[in-house]
$ cat target15.tsv   # TSV, C-alpha atoms and all ligand atoms
chain	number	residue	atom	x	y	z
A	27	MET	CA	101.44	74.61	90.94
A	28	ALA	CA	104.97	74.53	92.31
A	29	GLN	CA	105.07	74.75	96.07
A	30	THR	CA	106.47	77.90	97.58
A	31	GLU	CA	109.77	77.09	99.20
A	32	ILE	CA	109.84	77.52	102.98
A	33	SER	CA	113.06	79.34	103.75
A	34	PRO	CA	114.14	82.43	105.68
A	35	ARG	CA	113.84	84.44	102.47
A	36	THR	CA	110.29	83.32	101.70
A	37	ASN	CA	107.85	86.20	101.40
A	38	ILE	CA	105.19	85.95	104.14
A	39	ARG	CA	102.41	87.06	101.87
A	40	GLU	CA	103.30	84.44	99.23
A	41	ILE	CA	103.44	81.52	101.61
A	42	VAL	CA	100.09	82.49	103.16
A	43	ALA	CA	98.52	82.79	99.69
A	44	GLU	CA	99.66	79.29	98.77
A	45	LEU	CA	99.35	77.49	102.10
A	46	SER	CA	96.36	78.72	104.02
A	47	ILE	CA	97.34	77.02	107.28
A	48	ALA	CA	100.52	79.13	107.24
A	49	GLU	CA	98.45	82.03	108.50
A	50	GLU	CA	97.43	80.06	111.59
A	51	VAL	CA	101.00	78.94	112.18
A	52	LEU	CA	102.36	82.47	111.91
A	53	THR	CA	99.61	83.78	114.19
A	54	GLU	CA	100.67	81.21	116.79
A	55	PHE	CA	104.08	82.88	116.73
A	56	GLY	CA	102.51	86.31	117.08
A	57	LEU	CA	103.24	87.15	113.43
A	58	HIS	CA	99.70	88.20	112.69
A	59	CYS	CA	98.65	88.15	109.13
A	60	ALA	CA	97.80	91.80	109.31
A	61	GLY	CA	101.57	91.72	109.00
A	62	CYS	CA	101.16	90.78	105.36
A	63	GLY	CA	99.31	94.05	104.90
A	64	VAL	CA	101.98	95.81	106.89
A	65	ASN	CA	104.72	94.96	104.49
A	66	LYS	CA	104.07	93.17	101.24
A	67	TYR	CA	107.72	92.40	100.84
A	68	GLU	CA	108.50	91.08	104.30
A	69	THR	CA	110.27	87.74	104.47
A	70	ILE	CA	109.86	85.19	107.25
A	71	GLU	CA	113.33	86.09	108.47
A	72	GLN	CA	112.55	89.81	108.62
A	73	GLY	CA	109.24	89.16	110.36
A	74	ALA	CA	110.92	86.92	112.92
A	75	LYS	CA	113.64	89.47	113.56
A	76	ALA	CA	111.20	92.33	114.00
A	77	HIS	CA	109.26	90.30	116.55
A	78	GLY	CA	112.40	89.17	118.38
A	79	LEU	CA	111.90	85.50	117.44
A	80	ARG	CA	114.23	82.83	116.11
A	81	VAL	CA	113.47	81.97	112.51
A	82	GLU	CA	114.28	78.23	112.68
A	83	PRO	CA	111.28	77.15	114.81
A	84	ILE	CA	108.97	79.12	112.49
A	85	LEU	CA	110.35	77.38	109.41
A	86	ALA	CA	110.10	74.00	111.13
A	87	ALA	CA	106.49	74.63	112.16
A	88	LEU	CA	105.51	75.76	108.65
A	89	THR	CA	107.13	72.70	107.09
A	90	GLN	CA	105.39	70.43	109.57
A	91	ALA	CA	102.04	72.14	108.96
A	92	ARG	CA	102.41	71.66	105.22
A	93	LEU	CA	103.01	67.93	105.70
A	94	SER	CA	100.39	67.25	108.37
A	95	GLY	CA	97.77	69.88	107.52
A	96	ARG	CA	97.69	70.81	111.20
A	97	VAL	CA	99.26	73.51	113.34
A	98	PRO	CA	101.97	71.77	115.36
A	99	THR	CA	102.44	72.44	119.04
A	100	ILE	CA	104.82	75.32	119.45
A	101	MET	CA	107.00	75.58	122.49
A	102	ASN	CA	106.55	78.66	124.59
A	103	GLU	CA	110.18	79.66	124.36
A	104	ASP	CA	109.92	79.67	120.56
A	105	LYS	CA	107.07	82.15	120.56
A	106	THR	CA	108.27	84.43	123.32
A	107	PRO	CA	110.04	87.47	121.92
A	108	VAL	CA	113.65	87.77	122.96
A	109	ARG	CA	114.23	91.47	123.19
A	110	ARG	CA	117.95	91.18	123.49
A	111	ALA	CA	120.47	88.41	123.38
A	112	PRO	CA	120.75	86.91	126.87
A	113	GLY	CA	123.31	88.75	128.93
A	114	GLU	CA	123.12	91.80	126.74
A	115	PHE	CA	120.60	93.55	128.92
A	116	ALA	CA	122.68	95.80	131.09
A	117	ARG	CA	120.03	98.20	132.39
A	118	ARG	CA	120.16	100.00	129.08
A	119	ALA	CA	118.22	100.42	125.91
A	120	ARG	CA	119.65	102.30	122.99
A	121	PHE	CA	117.56	104.64	120.94
A	122	LYS	CA	119.15	105.90	117.77
A	123	TYR	CA	116.67	108.74	117.36
A	124	VAL	CA	114.11	110.12	119.79
A	125	VAL	CA	111.50	112.05	117.82
A	126	PRO	CA	108.53	113.72	119.54
A	127	ILE	CA	105.48	114.63	117.47
A	128	MET	CA	103.99	117.99	118.47
A	129	SER	CA	100.91	119.94	117.48
A	130	GLY	CA	99.79	123.47	118.15
A	131	LYS	CA	96.40	122.28	119.35
A	132	GLY	CA	94.31	119.15	119.82
A	133	GLY	CA	92.44	117.33	117.11
A	134	VAL	CA	94.76	118.04	114.19
A	135	GLY	CA	95.70	114.39	113.82
A	136	LYS	CA	98.93	114.27	115.79
A	137	SER	CA	98.33	110.76	117.10
A	138	LEU	CA	97.34	109.46	113.70
A	139	THR	CA	100.41	111.07	112.13
A	140	THR	CA	102.60	109.48	114.81
A	141	ALA	CA	101.10	106.10	113.95
A	142	LEU	CA	101.60	106.63	110.21
A	143	ILE	CA	105.24	107.60	110.67
A	144	ALA	CA	105.75	104.50	112.82
A	145	VAL	CA	104.15	102.28	110.18
A	146	GLY	CA	106.27	103.84	107.42
A	147	LEU	CA	109.50	103.42	109.38
A	148	ARG	CA	108.59	99.86	110.22
A	149	ARG	CA	107.99	99.12	106.54
A	150	ALA	CA	111.43	100.56	105.85
A	151	GLY	CA	112.81	97.86	108.14
A	152	LYS	CA	113.43	100.06	111.18
A	153	LYS	CA	112.87	99.05	114.80
A	154	VAL	CA	110.23	101.45	116.08
A	155	GLY	CA	108.62	102.26	119.40
A	156	ILE	CA	105.92	104.74	120.37
A	157	LEU	CA	105.85	106.34	123.77
A	158	ASP	CA	102.32	107.70	124.10
A	159	ALA	CA	102.63	110.82	126.22
A	160	ASP	CA	99.26	112.17	125.08
A	161	ILE	CA	97.23	111.26	128.09
A	162	THR	CA	94.16	113.12	126.84
A	163	GLY	CA	92.77	110.05	125.12
A	164	PRO	CA	93.38	106.45	124.21
A	165	SER	CA	94.30	107.21	120.61
A	166	ILE	CA	97.56	105.34	120.12
A	167	PRO	CA	96.45	101.99	121.62
A	168	ARG	CA	93.13	102.32	119.82
A	169	LEU	CA	94.76	102.97	116.44
A	170	PHE	CA	96.75	99.76	116.81
A	171	GLY	CA	93.88	97.75	118.31
A	172	LEU	CA	95.68	97.20	121.61
A	173	THR	CA	93.66	96.70	124.77
A	174	THR	CA	95.57	94.30	127.00
A	175	PRO	CA	97.19	96.10	129.94
A	176	LEU	CA	101.00	96.16	129.89
A	177	GLY	CA	102.73	93.32	131.64
A	178	LEU	CA	105.39	93.76	134.29
A	179	GLU	CA	108.64	91.87	134.55
A	180	PRO	CA	111.24	91.97	137.30
A	181	ASP	CA	114.28	94.01	136.33
A	182	PRO	CA	116.60	91.38	134.86
A	183	SER	CA	119.68	93.28	135.92
A	184	THR	CA	118.92	93.36	139.64
A	185	PRO	CA	122.01	92.43	141.66
A	186	PRO	CA	121.59	89.19	143.61
A	187	GLY	CA	120.05	89.63	147.02
A	188	GLN	CA	118.12	92.77	146.05
A	189	GLN	CA	114.40	93.06	145.47
A	190	PRO	CA	113.91	93.47	141.69
A	191	LYS	CA	112.03	96.53	140.52
A	192	PRO	CA	109.09	95.74	138.21
A	193	LEU	CA	109.57	97.07	134.69
A	194	MET	CA	106.85	97.57	132.09
A	195	VAL	CA	106.88	95.34	129.05
A	196	PRO	CA	105.92	97.42	126.00
A	197	ALA	CA	102.90	96.16	124.08
A	198	MET	CA	103.81	94.78	120.69
A	199	SER	CA	101.60	95.78	117.77
A	200	ARG	CA	100.81	93.25	115.07
A	201	SER	CA	103.69	94.49	112.96
A	202	ALA	CA	106.07	94.62	115.96
A	203	ILE	CA	105.93	98.30	116.86
A	204	GLU	CA	106.56	98.60	120.62
A	205	ILE	CA	104.06	100.77	122.47
A	206	VAL	CA	103.91	102.14	126.01
A	207	SER	CA	100.86	104.20	126.92
A	208	SER	CA	99.10	105.26	130.09
A	209	ASN	CA	95.97	103.86	128.50
A	210	LEU	CA	97.52	100.43	128.71
A	211	LEU	CA	97.96	100.63	132.45
A	212	THR	CA	94.36	99.73	133.08
A	213	ASP	CA	91.85	97.99	130.88
A	214	LYS	CA	89.36	100.82	131.26
A	215	GLU	CA	89.68	102.89	128.11
A	216	ASP	CA	87.60	105.72	129.49
A	217	THR	CA	89.62	106.41	132.62
A	218	ALA	CA	90.83	109.88	131.77
A	219	MET	CA	94.19	110.61	133.23
A	220	ILE	CA	94.54	114.04	134.72
A	221	TRP	CA	98.20	114.43	135.32
A	222	ARG	CA	99.72	117.80	134.84
A	223	GLY	CA	103.14	119.37	134.74
A	224	PRO	CA	105.66	117.68	136.97
A	225	ILE	CA	103.59	114.58	137.63
A	226	LEU	CA	103.07	114.05	133.93
A	227	SER	CA	106.74	114.53	133.29
A	228	GLY	CA	107.54	111.98	136.01
A	229	VAL	CA	105.18	109.47	134.47
A	230	ILE	CA	106.64	110.01	131.01
A	231	ARG	CA	110.16	109.55	132.36
A	232	GLN	CA	109.04	106.27	133.84
A	233	PHE	CA	107.66	105.19	130.48
A	234	TYR	CA	111.01	106.08	129.00
A	235	GLU	CA	113.27	104.57	131.58
A	236	GLN	CA	111.31	101.88	133.33
A	237	ALA	CA	110.08	99.93	130.36
A	238	LEU	CA	111.85	97.03	128.72
A	239	TRP	CA	112.22	98.70	125.35
A	240	SER	CA	114.28	96.94	122.73
A	241	ASP	CA	117.15	98.80	121.16
A	242	LEU	CA	115.27	100.99	118.71
A	243	ASP	CA	116.10	102.97	115.59
A	244	TYR	CA	113.27	105.38	116.35
A	245	LEU	CA	111.40	106.13	119.53
A	246	LEU	CA	108.46	108.35	118.54
A	247	ILE	CA	106.76	110.30	121.30
A	248	ASP	CA	103.13	111.31	120.89
A	249	LEU	CA	103.19	114.54	122.93
A	250	PRO	CA	100.21	116.08	124.69
A	251	PRO	CA	98.58	118.59	122.30
A	252	GLY	CA	99.41	122.26	122.28
A	253	THR	CA	102.34	124.28	123.46
A	254	SER	CA	101.43	124.44	127.14
A	255	ASP	CA	103.45	123.15	130.07
A	256	ALA	CA	102.66	119.51	129.53
A	257	PRO	CA	104.39	118.95	126.17
A	258	LEU	CA	107.21	121.26	127.17
A	259	THR	CA	108.05	119.41	130.35
A	260	VAL	CA	108.18	116.23	128.33
A	261	LEU	CA	110.46	117.84	125.75
A	262	GLN	CA	112.71	119.27	128.43
A	263	SER	CA	113.09	116.08	130.35
A	264	LEU	CA	114.09	113.82	127.47
A	265	ALA	CA	117.03	113.68	125.10
A	266	VAL	CA	115.29	114.70	121.90
A	267	ASP	CA	116.87	114.49	118.45
A	268	GLY	CA	114.26	116.29	116.43
A	269	ILE	CA	110.63	117.32	116.62
A	270	VAL	CA	107.94	116.76	114.01
A	271	LEU	CA	105.24	119.40	113.97
A	272	VAL	CA	101.70	118.57	112.80
A	273	THR	CA	99.42	121.35	111.56
A	274	MET	CA	96.23	121.89	109.61
A	275	PRO	CA	95.69	124.31	106.74
A	276	GLN	CA	94.36	127.20	108.76
A	277	ARG	CA	95.61	130.75	109.12
A	278	LEU	CA	95.83	130.04	112.84
A	279	ALA	CA	98.38	127.36	112.04
A	280	THR	CA	101.03	129.85	111.05
A	281	MET	CA	100.64	131.63	114.37
A	282	ILE	CA	100.79	128.39	116.29
A	283	VAL	CA	103.81	127.23	114.35
A	284	ARG	CA	105.59	130.48	115.05
A	285	LYS	CA	104.89	129.99	118.75
A	286	ALA	CA	105.94	126.35	118.70
A	287	ALA	CA	109.08	127.17	116.72
A	288	ASN	CA	110.02	129.86	119.27
A	289	LEU	CA	109.49	127.56	122.21
A	290	VAL	CA	111.36	124.74	120.62
A	291	HIS	CA	114.15	127.10	119.69
A	292	GLN	CA	114.41	128.27	123.31
A	293	LEU	CA	114.70	124.67	124.42
A	294	GLY	CA	117.45	124.17	121.87
A	295	LYS	CA	115.67	121.25	120.20
A	296	PRO	CA	115.38	121.27	116.42
A	297	ILE	CA	112.22	120.86	114.38
A	298	VAL	CA	113.08	118.32	111.69
A	299	GLY	CA	109.88	118.31	109.69
A	300	VAL	CA	106.31	119.50	109.38
A	301	VAL	CA	103.23	117.51	108.39
A	302	GLU	CA	100.14	119.31	107.12
A	303	ASN	CA	97.22	117.04	107.95
A	304	MET	CA	93.69	117.20	106.51
A	305	SER	CA	95.27	119.22	103.77
A	306	TYR	CA	92.67	118.48	101.10
A	307	PHE	CA	90.00	116.02	100.09
A	308	VAL	CA	89.74	114.14	96.81
A	309	ALA	CA	86.17	113.21	95.92
A	310	PRO	CA	86.17	109.46	95.22
A	311	ASP	CA	83.57	109.72	92.46
A	312	THR	CA	84.91	112.67	90.47
A	313	GLY	CA	88.56	112.76	91.55
A	314	LYS	CA	88.13	116.49	92.09
A	315	ARG	CA	90.28	117.97	94.79
A	316	TYR	CA	88.84	120.28	97.47
A	317	ASP	CA	90.74	122.45	99.92
A	318	VAL	CA	88.23	121.88	102.71
A	319	PHE	CA	89.92	124.02	105.33
A	320	GLY	CA	91.10	126.64	102.86
A	321	PRO	CA	94.36	127.05	101.04
A	322	SER	CA	97.47	125.29	102.23
A	323	TYR	CA	99.95	127.21	104.31
A	324	ALA	CA	102.45	124.43	103.88
A	325	ASP	CA	105.27	126.51	102.41
A	326	GLU	CA	104.81	129.33	104.88
A	327	VAL	CA	104.70	126.93	107.79
A	328	ALA	CA	107.82	125.08	106.63
A	329	THR	CA	109.68	128.37	106.32
A	330	LEU	CA	108.59	129.46	109.79
A	331	ALA	CA	109.57	126.14	111.28
A	332	GLY	CA	112.85	126.14	109.38
A	333	ALA	CA	112.20	122.52	108.45
A	334	PRO	CA	110.99	120.62	105.39
A	335	MET	CA	107.38	119.62	104.78
A	336	LEU	CA	107.41	115.84	105.21
A	337	ALA	CA	103.95	115.30	103.75
A	338	ARG	CA	100.54	116.79	103.17
A	339	LEU	CA	97.95	114.25	104.19
A	340	PRO	CA	94.46	114.33	102.69
A	341	ILE	CA	91.24	113.87	104.62
A	342	ASP	CA	90.76	110.18	104.04
A	343	PRO	CA	87.62	108.26	105.02
A	344	ASN	CA	89.41	104.92	104.44
A	345	LEU	CA	92.05	105.91	106.89
A	346	VAL	CA	89.42	106.81	109.49
A	347	ALA	CA	87.81	103.40	109.02
A	348	LEU	CA	91.14	101.64	109.58
A	349	ALA	CA	92.00	103.92	112.49
A	350	ASP	CA	88.65	103.39	114.21
A	351	ASN	CA	89.04	99.63	113.92
A	352	GLY	CA	92.54	99.38	115.31
A	353	ARG	CA	93.96	98.49	111.91
A	354	VAL	CA	96.06	101.52	111.09
A	355	GLU	CA	98.95	99.19	110.17
A	356	GLU	CA	97.02	97.95	107.17
A	357	ILE	CA	96.96	101.30	105.41
A	358	ASP	CA	97.74	100.85	101.74
A	359	ASP	CA	98.94	104.30	100.83
A	360	PRO	CA	102.47	105.18	99.72
A	361	VAL	CA	102.24	108.35	101.79
A	362	VAL	CA	103.49	106.41	104.83
A	363	ASP	CA	106.63	105.49	102.91
A	364	VAL	CA	107.10	109.11	101.87
A	365	LEU	CA	106.75	110.24	105.50
A	366	ALA	CA	109.35	107.74	106.64
A	367	GLU	CA	111.76	108.47	103.80
A	368	LYS	CA	111.62	112.21	104.34
A	369	LEU	CA	112.00	111.88	108.08
A	370	GLN	CA	114.99	109.60	107.65
A	371	ALA	CA	116.54	112.04	105.19
A	372	ALA	CA	116.01	114.89	107.67
A	373	MET	CA	117.55	112.90	110.50
A	374	ALA	CA	120.52	111.95	108.35
A	375	GLN	CA	121.26	115.66	107.96
A	376	ARG	CA	121.52	116.07	111.70
A	377	PRO	CA	124.98	116.01	113.19
A	378	ALA	CA	125.93	112.48	114.15
A	379	LYS	CA	125.61	111.54	117.79
A	380	PRO	CA	126.39	108.36	119.60
A	381	ALA	CA	123.32	106.15	119.96
A	382	GLU	CA	121.75	107.43	123.12
A	383	THR	CA	121.98	105.11	126.01
A	384	ILE	CA	119.49	105.44	128.79
A	385	SER	CA	119.99	103.89	132.12
A	386	LEU	CA	117.09	102.53	134.01
A	387	ILE	CA	116.65	103.99	137.42
B	1	LIG	P1	95.25	114.63	117.88
B	1	LIG	O1	96.22	113.57	118.30
B	1	LIG	O2	95.93	115.77	117.19
B	1	LIG	O3	94.34	115.09	118.96
B	1	LIG	P2	93.98	112.51	116.37
B	1	LIG	O4	95.12	111.87	115.67
B	1	LIG	O5	93.43	111.80	117.56
B	1	LIG	O6	94.33	114.01	116.73
B	1	LIG	O7	92.86	112.78	115.29
B	1	LIG	C1	91.63	113.40	115.64
B	1	LIG	C2	90.50	112.77	114.81
B	1	LIG	O8	90.63	113.16	113.45
B	1	LIG	C3	90.53	111.26	114.85
B	1	LIG	O9	89.22	110.79	114.92
B	1	LIG	C4	91.16	110.89	113.53
B	1	LIG	O10	90.72	109.62	113.07
B	1	LIG	C5	90.69	112.02	112.61
B	1	LIG	N1	91.69	112.29	111.56
B	1	LIG	C6	92.97	112.66	111.74
B	1	LIG	N2	93.59	112.82	110.54
B	1	LIG	C7	92.69	112.52	109.58
B	1	LIG	C8	92.72	112.49	108.15
B	1	LIG	N3	93.83	112.80	107.47
B	1	LIG	N4	91.60	112.13	107.50
B	1	LIG	C9	90.49	111.86	108.19
B	1	LIG	N5	90.38	111.88	109.53
B	1	LIG	C10	91.46	112.19	110.24

$ encode --input "target15.tsv" --output "structure tokens" --more "lines below"
Ligand code: ADP
Amino acid sequence: MAQTEISPRTNIREIVAELSIAEEVLTEFGLHCAGCGVNKYETIEQGAKAHGLRVEPILAALTQARLSGRVPTIMNEDKTPVRRAPGEFARRARFKYVVPIMSGKGGVGKSLTTALIAVGLRRAGKKVGILDADITGPSIPRLFGLTTPLGLEPDPSTPPGQQPKPLMVPAMSRSAIEIVSSNLLTDKEDTAMIWRGPILSGVIRQFYEQALWSDLDYLLIDLPPGTSDAPLTVLQSLAVDGIVLVTMPQRLATMIVRKAANLVHQLGKPIVGVVENMSYFVAPDTGKRYDVFGPSYADEVATLAGAPMLARLPIDPNLVALADNGRVEEIDDPVVDVLAEKLQAAMAQRPAKPAETISLI
């Protein structure tokens, strides 16, 4: 069998299939092989770029591993993500789009939908971050299998002679989605955070401003559930480009959407899309489709929200299994691509704005 060429354009999945040690080498660089499941078409160059790594040391290590059959020693600087070119960090990160995900009530799958949108955008080659503002539970870190508390780094732009402020380093998921969450501040998953109103909004602002985010195409914000003070303070305090609303097929949903749409309208922030989650169930044995929670209100809801339906997600036991095991990035369902495509189309319709620049306090 001809050997797969090792070049920047080599497909990660192909090289791992041919050269089993390649998986170990890539893992050493933080390019976990779950990454192959994340994007079947990703090349070594794209993987390196997404993770903020230089591609040359990866190619060199793979070539060496093929020759020696062993994982070579990799220098720390070659496996440490460079978030920006040196000197480029000027107390600013640029987010092209800031998109909060909102739900009328808890338990409708808002966090899971946020994760699926992130995975879809990432597969479309976008740089994605998730700011987990839903402090009611550890869902986002758990979906991505993240447990290590966030690291802190001194503010690289501190003027000489001043005490640098510590900034949070976002966790990096296996497929290079950046994540900041209150549940990654301690390693105790069950420490419920009870921050309300202004305190919550202060904490969220810190996550936004005092974290070393990369320049991102999309910063998704997993809002606290419902339409109470907590999500609203978050919405008010951040520069939001468009909100995604998650609902379930229940009559109540239309009422909640009306309320959410009113609130959002008052705040002057547009809803850019609606996702109906747990829309239906397809029996794996018979292929028969059941509307478990009753008929869909998708069209009605989209009309009320004045925004397109991005997707209707089925109740999916496979998805739950992946979600429960921290492997949401391995989902093999084109619905994530549909979600990302439709969201991108909706954002493209929005009036152009300069990439938002945030300054760190
Ligand atoms: P929320 O963020 O709205 O509170 P979550 O995303 O945490 O909701 O989801 C609540 C629970 O429902 C989780 O256990 C999740 O795995 C499950 N769930 C969400 N969406 C689906 C779905 N489409 N199919 C099956 N289970 C789902």

$ residues_around --input "target15.tsv" --residues "Ile143 (chain A)" --least-positions-apart "3" --cutoff "10 Å" --atoms "all atoms listed in the file" --output "JSON, numbers by chain"
{"A": [127, 137, 138, 139, 140, 146, 147, 148, 149, 154, 246, 361, 362, 363, 364, 365, 366, 367, 369]}

$ residues_around --input "target15.tsv" --residues "Val308 (chain A)" --least-positions-apart "5" --cutoff "8 Å" --atoms "only C-alpha atoms" --output "JSON, numbers by chain"
{"A": [313, 314, 315, 316, 340, 341]}

$ atom_distance --input "target15.tsv" --atom1 "CA of Leu289 (chain A)" --atom2 "CA of Arg338 (chain A)"
23.6 Å

$ closest_residue --input "target15.tsv" --among "A:Ile100, A:Ile32, A:Val298, A:Leu52" --to "Gln370 (chain A)" --atoms "only C-alpha atoms"
A:Val298

$ residues_near_ligand --input "target15.tsv" --ligand "ligand LIG 1 (chain B)" --cutoff "9 Å" --atoms "only C-alpha atoms and all ligand atoms" --output "PyMOL selection string"
chain A and resi 128-141+160+162-166+169+248-252+272-273+303-307+338-350

$ atom_distance --input "target15.tsv" --atom1 "CA of Phe170 (chain A)" --atom2 "CA of Pro196 (chain A)"
13.2 Å

$ atom_distance --input "target15.tsv" --atom1 "CA of Ile205 (chain A)" --atom2 "CA of Val125 (chain A)"
14.3 Å

$ closest_residue --input "target15.tsv" --among "A:Met101, A:Pro107, A:Phe55, A:Arg168" --to "Asn351 (chain A)" --atoms "all atoms listed in the file"
A:Arg168

$ closest_residue --input "target15.tsv" --among "A:Gly95, A:Pro175, A:Pro377, A:Gly78" --to "Asn209 (chain A)" --atoms "all atoms listed in the file"
A:Pro175

$ residues_around --input "target15.tsv" --residues "region 226-231 of chain A" --least-positions-apart "5" --cutoff "9 Å" --atoms "only C-alpha atoms" --output "compact mmCIF listing (two decimals) with C-alpha atoms, in the frame of the given file"
# COMPACT_ATOMS: atom_id res chain seq x y z
CA LEU A 157 105.85 106.34 123.77
CA ASP A 158 102.32 107.70 124.10
CA ALA A 159 102.63 110.82 126.22
CA ILE A 161 97.23 111.26 128.09
CA SER A 208 99.10 105.26 130.09
CA ILE A 220 94.54 114.04 134.72
CA TRP A 221 98.20 114.43 135.32
CA GLN A 236 111.31 101.88 133.33
CA ALA A 256 102.66 119.51 129.53
CA PRO A 257 104.39 118.95 126.17
CA THR A 259 108.05 119.41 130.35
CA VAL A 260 108.18 116.23 128.33
CA SER A 263 113.09 116.08 130.35
CA LEU A 264 114.09 113.82 127.47
